[in-house]
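Enquirer: input.txt is reproduced in full below (compact mmCIF, N, CA and C atoms).
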```
# COMPACT_ATOMS: atom_id res chain seq x y z
N GLN A 1 0.85 -1.18 0.00
CA GLN A 1 0.00 0.00 0.00
C GLN A 1 0.89 1.25 0.00
N VAL A 2 0.74 2.08 -1.01
CA VAL A 2 1.52 3.31 -1.08
C VAL A 2 1.04 4.28 -0.01
N GLN A 3 1.98 4.88 0.67
CA GLN A 3 1.65 5.93 1.63
C GLN A 3 2.10 7.27 1.08
N LEU A 4 1.33 8.31 1.39
CA LEU A 4 1.58 9.65 0.86
C LEU A 4 1.85 10.61 2.01
N VAL A 5 2.87 11.43 1.86
CA VAL A 5 3.23 12.40 2.89
C VAL A 5 3.34 13.77 2.24
N GLU A 6 2.49 14.69 2.70
CA GLU A 6 2.50 16.05 2.16
C GLU A 6 3.39 16.95 3.00
N SER A 7 4.01 17.92 2.35
CA SER A 7 4.86 18.89 3.05
C SER A 7 4.94 20.17 2.25
N GLY A 8 5.51 21.21 2.87
CA GLY A 8 5.76 22.45 2.16
C GLY A 8 4.81 23.58 2.49
N GLY A 9 3.82 23.32 3.31
CA GLY A 9 2.89 24.37 3.68
C GLY A 9 3.52 25.39 4.60
N GLY A 10 2.75 26.44 4.89
CA GLY A 10 3.23 27.47 5.79
C GLY A 10 2.37 28.70 5.74
N LEU A 11 2.88 29.75 6.35
CA LEU A 11 2.20 31.05 6.36
C LEU A 11 2.83 31.94 5.30
N VAL A 12 2.00 32.50 4.44
CA VAL A 12 2.50 33.36 3.36
C VAL A 12 1.57 34.54 3.20
N GLN A 13 2.13 35.65 2.77
CA GLN A 13 1.32 36.84 2.54
C GLN A 13 0.57 36.73 1.23
N PRO A 14 -0.54 37.43 1.12
CA PRO A 14 -1.26 37.45 -0.18
C PRO A 14 -0.31 37.87 -1.30
N GLY A 15 -0.43 37.18 -2.42
CA GLY A 15 0.45 37.42 -3.55
C GLY A 15 1.71 36.58 -3.53
N GLY A 16 1.96 35.89 -2.44
CA GLY A 16 3.16 35.08 -2.31
C GLY A 16 3.03 33.72 -2.97
N SER A 17 4.09 32.91 -2.81
CA SER A 17 4.14 31.60 -3.45
C SER A 17 4.57 30.54 -2.44
N LEU A 18 4.15 29.33 -2.71
CA LEU A 18 4.58 28.14 -1.97
C LEU A 18 4.64 26.99 -2.94
N ARG A 19 5.51 26.02 -2.64
CA ARG A 19 5.52 24.77 -3.39
C ARG A 19 5.29 23.62 -2.42
N LEU A 20 4.23 22.90 -2.67
CA LEU A 20 3.90 21.72 -1.87
C LEU A 20 4.48 20.48 -2.52
N SER A 21 4.83 19.52 -1.67
CA SER A 21 5.33 18.24 -2.15
C SER A 21 4.49 17.11 -1.59
N CYS A 22 4.34 16.07 -2.37
CA CYS A 22 3.64 14.86 -1.95
C CYS A 22 4.57 13.69 -2.27
N ALA A 23 5.17 13.14 -1.25
CA ALA A 23 6.11 12.04 -1.43
C ALA A 23 5.40 10.72 -1.24
N ALA A 24 5.52 9.85 -2.23
CA ALA A 24 4.90 8.53 -2.17
C ALA A 24 5.93 7.48 -1.79
N SER A 25 5.49 6.49 -1.02
CA SER A 25 6.41 5.45 -0.57
C SER A 25 6.67 4.39 -1.63
N GLY A 26 5.89 4.46 -2.73
CA GLY A 26 6.08 3.53 -3.82
C GLY A 26 6.00 4.25 -5.15
N SER A 27 6.08 3.51 -6.22
CA SER A 27 6.09 4.11 -7.55
C SER A 27 4.75 4.74 -7.91
N ILE A 28 4.83 5.92 -8.50
CA ILE A 28 3.62 6.58 -9.00
C ILE A 28 3.60 6.60 -10.51
N PHE A 29 4.56 5.93 -11.12
CA PHE A 29 4.74 6.03 -12.57
C PHE A 29 3.49 5.61 -13.34
N SER A 30 2.85 4.53 -12.90
CA SER A 30 1.74 3.98 -13.68
C SER A 30 0.37 4.36 -13.12
N ILE A 31 0.36 5.19 -12.10
CA ILE A 31 -0.94 5.57 -11.52
C ILE A 31 -1.68 6.46 -12.51
N TYR A 32 -2.95 6.17 -12.73
CA TYR A 32 -3.76 6.88 -13.72
C TYR A 32 -3.75 8.39 -13.45
N ALA A 33 -3.95 8.79 -12.21
CA ALA A 33 -4.00 10.21 -11.88
C ALA A 33 -3.52 10.45 -10.45
N MET A 34 -2.78 11.52 -10.26
CA MET A 34 -2.43 12.00 -8.94
C MET A 34 -3.12 13.35 -8.76
N ARG A 35 -3.64 13.56 -7.56
CA ARG A 35 -4.51 14.73 -7.35
C ARG A 35 -4.13 15.49 -6.08
N TRP A 36 -4.29 16.78 -6.14
CA TRP A 36 -4.20 17.63 -4.95
C TRP A 36 -5.60 18.12 -4.59
N TYR A 37 -5.90 18.04 -3.31
CA TYR A 37 -7.17 18.51 -2.77
C TYR A 37 -6.86 19.54 -1.68
N ARG A 38 -7.89 20.26 -1.28
CA ARG A 38 -7.77 21.13 -0.12
C ARG A 38 -9.09 21.15 0.64
N GLN A 39 -8.96 21.43 1.93
CA GLN A 39 -10.15 21.52 2.77
C GLN A 39 -9.99 22.71 3.71
N ALA A 40 -10.85 23.69 3.53
CA ALA A 40 -10.86 24.86 4.38
C ALA A 40 -11.78 24.60 5.57
N PRO A 41 -11.58 25.32 6.67
CA PRO A 41 -12.41 25.11 7.85
C PRO A 41 -13.90 25.23 7.53
N GLY A 42 -14.66 24.25 7.95
CA GLY A 42 -16.10 24.28 7.75
C GLY A 42 -16.56 23.97 6.34
N LYS A 43 -15.63 23.59 5.47
CA LYS A 43 -15.99 23.30 4.08
C LYS A 43 -15.61 21.87 3.72
N GLN A 44 -16.21 21.40 2.65
CA GLN A 44 -15.88 20.06 2.15
C GLN A 44 -14.54 20.08 1.43
N ARG A 45 -13.92 18.91 1.40
CA ARG A 45 -12.68 18.77 0.64
C ARG A 45 -12.98 18.97 -0.84
N GLU A 46 -12.13 19.74 -1.51
CA GLU A 46 -12.35 20.00 -2.93
C GLU A 46 -11.10 19.65 -3.74
N LEU A 47 -11.34 19.20 -4.95
CA LEU A 47 -10.25 18.86 -5.87
C LEU A 47 -9.67 20.15 -6.45
N VAL A 48 -8.36 20.26 -6.38
CA VAL A 48 -7.68 21.47 -6.83
C VAL A 48 -6.97 21.24 -8.17
N ALA A 49 -6.25 20.13 -8.27
CA ALA A 49 -5.46 19.90 -9.48
C ALA A 49 -5.22 18.41 -9.67
N THR A 50 -5.12 18.00 -10.92
CA THR A 50 -4.89 16.61 -11.29
C THR A 50 -3.79 16.52 -12.33
N ILE A 51 -2.93 15.52 -12.20
CA ILE A 51 -1.98 15.20 -13.26
C ILE A 51 -2.16 13.73 -13.61
N PHE A 52 -2.31 13.48 -14.89
CA PHE A 52 -2.57 12.13 -15.37
C PHE A 52 -1.27 11.45 -15.78
N SER A 53 -1.35 10.14 -15.95
CA SER A 53 -0.16 9.39 -16.33
C SER A 53 0.37 9.84 -17.69
N SER A 54 -0.49 10.44 -18.49
CA SER A 54 -0.07 11.00 -19.78
C SER A 54 0.66 12.32 -19.63
N SER A 55 0.68 12.84 -18.39
CA SER A 55 1.26 14.14 -18.03
C SER A 55 0.33 15.31 -18.33
N SER A 56 -0.85 15.06 -18.84
CA SER A 56 -1.81 16.14 -18.99
C SER A 56 -2.31 16.55 -17.60
N THR A 57 -2.81 17.76 -17.51
CA THR A 57 -3.22 18.29 -16.21
C THR A 57 -4.60 18.94 -16.30
N SER A 58 -5.24 19.08 -15.17
CA SER A 58 -6.48 19.83 -15.08
C SER A 58 -6.53 20.54 -13.74
N TYR A 59 -7.28 21.65 -13.71
CA TYR A 59 -7.31 22.51 -12.52
C TYR A 59 -8.73 22.97 -12.22
N ALA A 60 -8.96 23.22 -10.94
CA ALA A 60 -10.19 23.89 -10.56
C ALA A 60 -10.14 25.32 -11.11
N ILE A 61 -11.31 25.85 -11.44
CA ILE A 61 -11.37 27.19 -12.01
C ILE A 61 -10.75 28.21 -11.06
N SER A 62 -10.92 28.00 -9.78
CA SER A 62 -10.46 28.97 -8.78
C SER A 62 -8.94 29.09 -8.72
N VAL A 63 -8.21 28.09 -9.24
CA VAL A 63 -6.75 28.13 -9.15
C VAL A 63 -6.08 28.15 -10.52
N LYS A 64 -6.85 28.00 -11.57
CA LYS A 64 -6.27 27.93 -12.91
C LYS A 64 -5.50 29.20 -13.22
N GLY A 65 -4.30 29.01 -13.74
CA GLY A 65 -3.45 30.16 -14.05
C GLY A 65 -2.56 30.57 -12.90
N ARG A 66 -2.84 30.07 -11.70
CA ARG A 66 -2.02 30.40 -10.52
C ARG A 66 -1.27 29.19 -9.97
N PHE A 67 -1.87 28.01 -10.08
CA PHE A 67 -1.27 26.80 -9.53
C PHE A 67 -0.79 25.91 -10.68
N THR A 68 0.28 25.18 -10.43
CA THR A 68 0.80 24.23 -11.41
C THR A 68 1.12 22.92 -10.72
N ILE A 69 0.54 21.83 -11.21
CA ILE A 69 0.83 20.50 -10.69
C ILE A 69 1.88 19.84 -11.59
N SER A 70 2.80 19.14 -10.96
CA SER A 70 3.82 18.43 -11.72
C SER A 70 4.22 17.19 -10.93
N ARG A 71 5.01 16.33 -11.56
CA ARG A 71 5.45 15.13 -10.86
C ARG A 71 6.86 14.77 -11.30
N ASP A 72 7.55 14.12 -10.41
CA ASP A 72 8.88 13.59 -10.69
C ASP A 72 8.79 12.09 -10.40
N THR A 73 8.62 11.29 -11.45
CA THR A 73 8.41 9.86 -11.23
C THR A 73 9.66 9.18 -10.68
N ALA A 74 10.83 9.75 -10.95
CA ALA A 74 12.06 9.17 -10.41
C ALA A 74 12.11 9.31 -8.89
N LYS A 75 11.51 10.39 -8.39
CA LYS A 75 11.49 10.63 -6.96
C LYS A 75 10.15 10.24 -6.33
N ASN A 76 9.23 9.73 -7.15
CA ASN A 76 7.89 9.37 -6.65
C ASN A 76 7.26 10.52 -5.88
N THR A 77 7.34 11.70 -6.46
CA THR A 77 6.86 12.91 -5.78
C THR A 77 6.01 13.74 -6.74
N VAL A 78 4.94 14.26 -6.20
CA VAL A 78 4.06 15.17 -6.93
C VAL A 78 4.15 16.53 -6.26
N TYR A 79 4.17 17.57 -7.07
CA TYR A 79 4.32 18.93 -6.56
C TYR A 79 3.10 19.77 -6.90
N LEU A 80 2.91 20.80 -6.11
CA LEU A 80 1.90 21.82 -6.43
C LEU A 80 2.56 23.18 -6.20
N GLN A 81 2.89 23.84 -7.30
CA GLN A 81 3.43 25.19 -7.22
C GLN A 81 2.26 26.17 -7.17
N MET A 82 2.24 26.97 -6.12
CA MET A 82 1.12 27.89 -5.91
C MET A 82 1.66 29.32 -5.93
N ASN A 83 1.20 30.09 -6.90
CA ASN A 83 1.61 31.48 -7.04
C ASN A 83 0.40 32.40 -6.85
N SER A 84 0.68 33.67 -6.64
CA SER A 84 -0.38 34.67 -6.48
C SER A 84 -1.42 34.21 -5.46
N LEU A 85 -0.95 33.75 -4.34
CA LEU A 85 -1.86 33.18 -3.34
C LEU A 85 -2.81 34.23 -2.78
N LYS A 86 -4.01 33.77 -2.48
CA LYS A 86 -5.07 34.62 -1.95
C LYS A 86 -5.51 34.08 -0.59
N PRO A 87 -6.10 34.91 0.24
CA PRO A 87 -6.59 34.42 1.54
C PRO A 87 -7.55 33.24 1.40
N GLU A 88 -8.31 33.22 0.33
CA GLU A 88 -9.26 32.10 0.14
C GLU A 88 -8.57 30.79 -0.24
N ASP A 89 -7.27 30.82 -0.45
CA ASP A 89 -6.51 29.58 -0.68
C ASP A 89 -6.14 28.91 0.64
N THR A 90 -6.41 29.58 1.75
CA THR A 90 -6.10 29.01 3.06
C THR A 90 -6.86 27.72 3.28
N ALA A 91 -6.14 26.65 3.58
CA ALA A 91 -6.74 25.33 3.75
C ALA A 91 -5.65 24.33 4.11
N VAL A 92 -6.08 23.14 4.48
CA VAL A 92 -5.17 22.00 4.57
C VAL A 92 -5.17 21.33 3.20
N TYR A 93 -3.99 21.11 2.66
CA TYR A 93 -3.84 20.53 1.34
C TYR A 93 -3.42 19.06 1.46
N TYR A 94 -4.09 18.23 0.69
CA TYR A 94 -3.85 16.78 0.69
C TYR A 94 -3.57 16.30 -0.73
N CYS A 95 -2.85 15.20 -0.83
CA CYS A 95 -2.72 14.56 -2.14
C CYS A 95 -3.29 13.14 -2.06
N ASN A 96 -3.64 12.63 -3.20
CA ASN A 96 -4.11 11.27 -3.32
C ASN A 96 -4.02 10.89 -4.79
N GLY A 97 -4.37 9.66 -5.10
CA GLY A 97 -4.27 9.25 -6.48
C GLY A 97 -4.91 7.89 -6.69
N GLY A 98 -5.09 7.54 -7.96
CA GLY A 98 -5.68 6.25 -8.28
C GLY A 98 -6.27 6.25 -9.66
N GLY A 99 -7.24 5.34 -9.85
CA GLY A 99 -7.86 5.19 -11.16
C GLY A 99 -8.89 6.27 -11.44
N PRO A 100 -9.58 6.13 -12.59
CA PRO A 100 -10.59 7.13 -12.96
C PRO A 100 -11.67 7.28 -11.90
N GLY A 101 -11.83 8.49 -11.40
CA GLY A 101 -12.90 8.77 -10.46
C GLY A 101 -12.73 8.19 -9.07
N ARG A 102 -11.56 7.72 -8.74
CA ARG A 102 -11.38 7.16 -7.41
C ARG A 102 -9.99 7.45 -6.87
N ASN A 103 -9.89 7.44 -5.55
CA ASN A 103 -8.60 7.54 -4.88
C ASN A 103 -8.32 6.20 -4.20
N ASP A 104 -7.12 5.71 -4.38
CA ASP A 104 -6.80 4.36 -3.93
C ASP A 104 -6.01 4.30 -2.64
N TYR A 105 -5.67 5.45 -2.07
CA TYR A 105 -4.76 5.45 -0.94
C TYR A 105 -5.40 6.12 0.27
N SER A 106 -4.86 5.79 1.42
CA SER A 106 -5.33 6.42 2.65
C SER A 106 -4.91 7.89 2.64
N TRP A 107 -5.74 8.72 3.24
CA TRP A 107 -5.42 10.14 3.32
C TRP A 107 -4.31 10.37 4.34
N GLY A 108 -3.38 11.24 3.98
CA GLY A 108 -2.31 11.60 4.90
C GLY A 108 -2.75 12.72 5.83
N GLN A 109 -1.77 13.29 6.51
CA GLN A 109 -2.06 14.37 7.46
C GLN A 109 -2.34 15.70 6.77
N GLY A 110 -1.88 15.82 5.55
CA GLY A 110 -2.03 17.08 4.85
C GLY A 110 -0.99 18.10 5.30
N THR A 111 -0.99 19.23 4.63
CA THR A 111 -0.08 20.32 4.99
C THR A 111 -0.87 21.62 4.99
N GLN A 112 -0.73 22.38 6.06
CA GLN A 112 -1.52 23.60 6.24
C GLN A 112 -0.92 24.74 5.43
N VAL A 113 -1.78 25.42 4.68
CA VAL A 113 -1.40 26.63 3.96
C VAL A 113 -2.26 27.75 4.49
N THR A 114 -1.62 28.80 4.98
CA THR A 114 -2.33 29.96 5.49
C THR A 114 -1.86 31.19 4.74
N VAL A 115 -2.80 31.88 4.12
CA VAL A 115 -2.48 33.09 3.37
C VAL A 115 -3.08 34.27 4.12
N SER A 116 -2.21 35.08 4.69
CA SER A 116 -2.68 36.18 5.53
C SER A 116 -1.61 37.24 5.64
N SER A 117 -2.06 38.48 5.76
CA SER A 117 -1.12 39.57 5.97
C SER A 117 -0.94 39.85 7.46
```
What do you get writing this file as structure tokens?

Expert:
Amino acid sequence: QVQLVESGGGLVQPGGSLRLSCAASGSIFSIYAMRWYRQAPGKQRELVATIFSSSSTSYAISVKGRFTISRDTAKNTVYLQMNSLKPEDTAVYYCNGGGPGRNDYSWGQGTQVTVSS
């Protein structure tokens, strides 16, 4: 069972940048899709970005043009580069992955991102 560990969160001012990492304990090379989610206080977890095994990507409308998902299969790591951060990006960010329409792994602890002046 692949385990996922998120890191890279922190406190950043509006307009700032952060890069999140999701390290997998096993190979992610053949996984259909790896995904980043976020959950703000009092809200449901939402899908933020997806990278497919083909390397194509998709984004939530709220982050498109500001966030970039990428992966390094040699390091079994997925990244989320977040630029032009806004207070509404404040949330705990999680990664997961699996086949079409499903996540195959247990949720990790996530990494807290706080955007505030």

Enquirer: Distance CA of Gly101 in chain A-CA of Phe29 in chain A, one decimal place?

Expert: 18.0 Å

Enquirer: Measuring between only N, CA and C atoms, which one of A:Gly42, A:Gly99, A:Gly8, A:Pro14 shows the shortest distance to Ser117 in chain A?

Expert: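 Answer, going by the shortest atom-to-atom distance: A:Pro14.
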
Enquirer: For Thr57 in chain A, which of A:Leu80, A:Ile69, A:Val12, A:Val2 is the closest residue, counting all atoms listed in the file?

Expert: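 Among the listed residues, A:Ile69 lies closest to Thr57 in chain A.
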
Enquirer: Looking at A:Cys95, A:Lys86, A:Gln44, A:Val5, which one is nearest to Val115 in chain A, with distances taken over only C-alpha atoms?

Expert: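 Comparing A:Cys95, A:Lys86, A:Gln44, A:Val5 against Val115 in chain A, the winner is A:Lys86.
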
Enquirer: Select, from A:Ser7, A:Ser56, A:Gln1, A:Ser21, the residue with the minimum atom-to-atom distance to Val78 in chain A, counting all atoms listed in the file.

Expert: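 Closest to Val78 in chain A, using all atoms listed in the file: A:Ser21.
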
Enquirer: Might you pull out every residue within 9 Å of Ala60 in chain A, with only C-alpha atoms counted and same-chain residues fewer than 2 positions away left off, and present them as a PDB file with N, CA and C atoms, in the coordinates of the input?

Expert:
```pdb
ATOM      1  N   GLU A  46     -12.130  19.740  -1.510  1.00  0.00           N
ATOM      2  CA  GLU A  46     -12.350  20.000  -2.930  1.00  0.00           C
ATOM      3  C   GLU A  46     -11.100  19.650  -3.740  1.00  0.00           C
ATOM      4  N   LEU A  47     -11.340  19.200  -4.950  1.00  0.00           N
ATOM      5  CA  LEU A  47     -10.250  18.860  -5.870  1.00  0.00           C
ATOM      6  C   LEU A  47      -9.670  20.150  -6.450  1.00  0.00           C
ATOM      7  N   VAL A  48      -8.360  20.260  -6.380  1.00  0.00           N
ATOM      8  CA  VAL A  48      -7.680  21.470  -6.830  1.00  0.00           C
ATOM      9  C   VAL A  48      -6.970  21.240  -8.170  1.00  0.00           C
ATOM     10  N   ALA A  49      -6.250  20.130  -8.270  1.00  0.00           N
ATOM     11  CA  ALA A  49      -5.460  19.900  -9.480  1.00  0.00           C
ATOM     12  C   ALA A  49      -5.220  18.410  -9.670  1.00  0.00           C
ATOM     13  N   SER A  58      -5.240  19.080 -15.170  1.00  0.00           N
ATOM     14  CA  SER A  58      -6.480  19.830 -15.080  1.00  0.00           C
ATOM     15  C   SER A  58      -6.530  20.540 -13.740  1.00  0.00           C
ATOM     16  N   SER A  62     -10.920  28.000  -9.780  1.00  0.00           N
ATOM     17  CA  SER A  62     -10.460  28.970  -8.780  1.00  0.00           C
ATOM     18  C   SER A  62      -8.940  29.090  -8.720  1.00  0.00           C
ATOM     19  N   VAL A  63      -8.210  28.090  -9.240  1.00  0.00           N
ATOM     20  CA  VAL A  63      -6.750  28.130  -9.150  1.00  0.00           C
ATOM     21  C   VAL A  63      -6.080  28.150 -10.520  1.00  0.00           C
ATOM     22  N   LYS A  64      -6.850  28.000 -11.570  1.00  0.00           N
ATOM     23  CA  LYS A  64      -6.270  27.930 -12.910  1.00  0.00           C
ATOM     24  C   LYS A  64      -5.500  29.200 -13.220  1.00  0.00           C
TER      25      LYS A  64
END
```

Enquirer: What residues in range 2-112 of chain A get the DSSP label strand (DSSP E or B)? Please answer as a PyMOL selection string.

Expert: chain A and resi 4-7+10-12+18-24+33-39+46-52+57-59+67-72+77-82+91-98+111-112

Enquirer: Would you mind listing what lies within 7 Å of Asn76 in chain A as a ChimeraX atom specification, with only N, CA and C atoms counted and same-chain residues fewer than 5 positions away left out?

Expert: /A:22-29,71

Enquirer: Enter the distance from atom N of Thr90 in chain A to atom C of Tyr59 in chain A, in Å, rounded to one decimal.

Expert: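 Computing the Euclidean distance for atom N of Thr90 in chain A and atom C of Tyr59 in chain A yields 15.6 Å.
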
Enquirer: Which is closest to Thr50 in chain A among A:Ala33, A:Ser17, A:Arg38, A:Arg102, if we use only N, CA and C atoms?

Expert: A:Ala33

Enquirer: Quick one: distance from atom N of Gly16 in chain A to CA of Met34 in chain A in Å, one decimal?

Expert: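 These two atoms are separated by 25.1 Å.
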
Enquirer: Residues proximal to (-1.7, 31.0, -8.5) were defined as those with any atom within 6.5 Å of that point in the file's coordinates, counting all atoms listed in the file. Which are they, as a list in words?

Expert: Val63, Lys64, Gly65, Arg66, Phe67, Thr68, Gln81, Met82, Asn83, Ser84 and Leu85 of chain A

Enquirer: Taking all atoms of range 19-27 of chain A that the file lists, what box with edges along x, y and z, padded by 8 Å per side, do you get, with centre and edge lengths in Å to one decimal, as JSON?

Expert:
```
{"center_x": 5.2, "center_y": 14.8, "center_z": -4.2, "size_x": 19.0, "size_y": 38.5, "size_z": 23.3}
```

Enquirer: Using only C-alpha atoms for the distances, tell me which of A:Gln39, A:Asn96, A:Gln109, A:Gln3 is nearest to Ile51 in chain A.

Expert: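 Counting only C-alpha atoms, the residue closest to Ile51 in chain A is A:Asn96.
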
Enquirer: If we count only C-alpha atoms, what is near Thr111 in chain A at a cut-off of 7 Å, once residues fewer than 6 positions away on the same chain are taken out, given as an NGL selection string?

Expert: :A and (6-9 or 92-94)
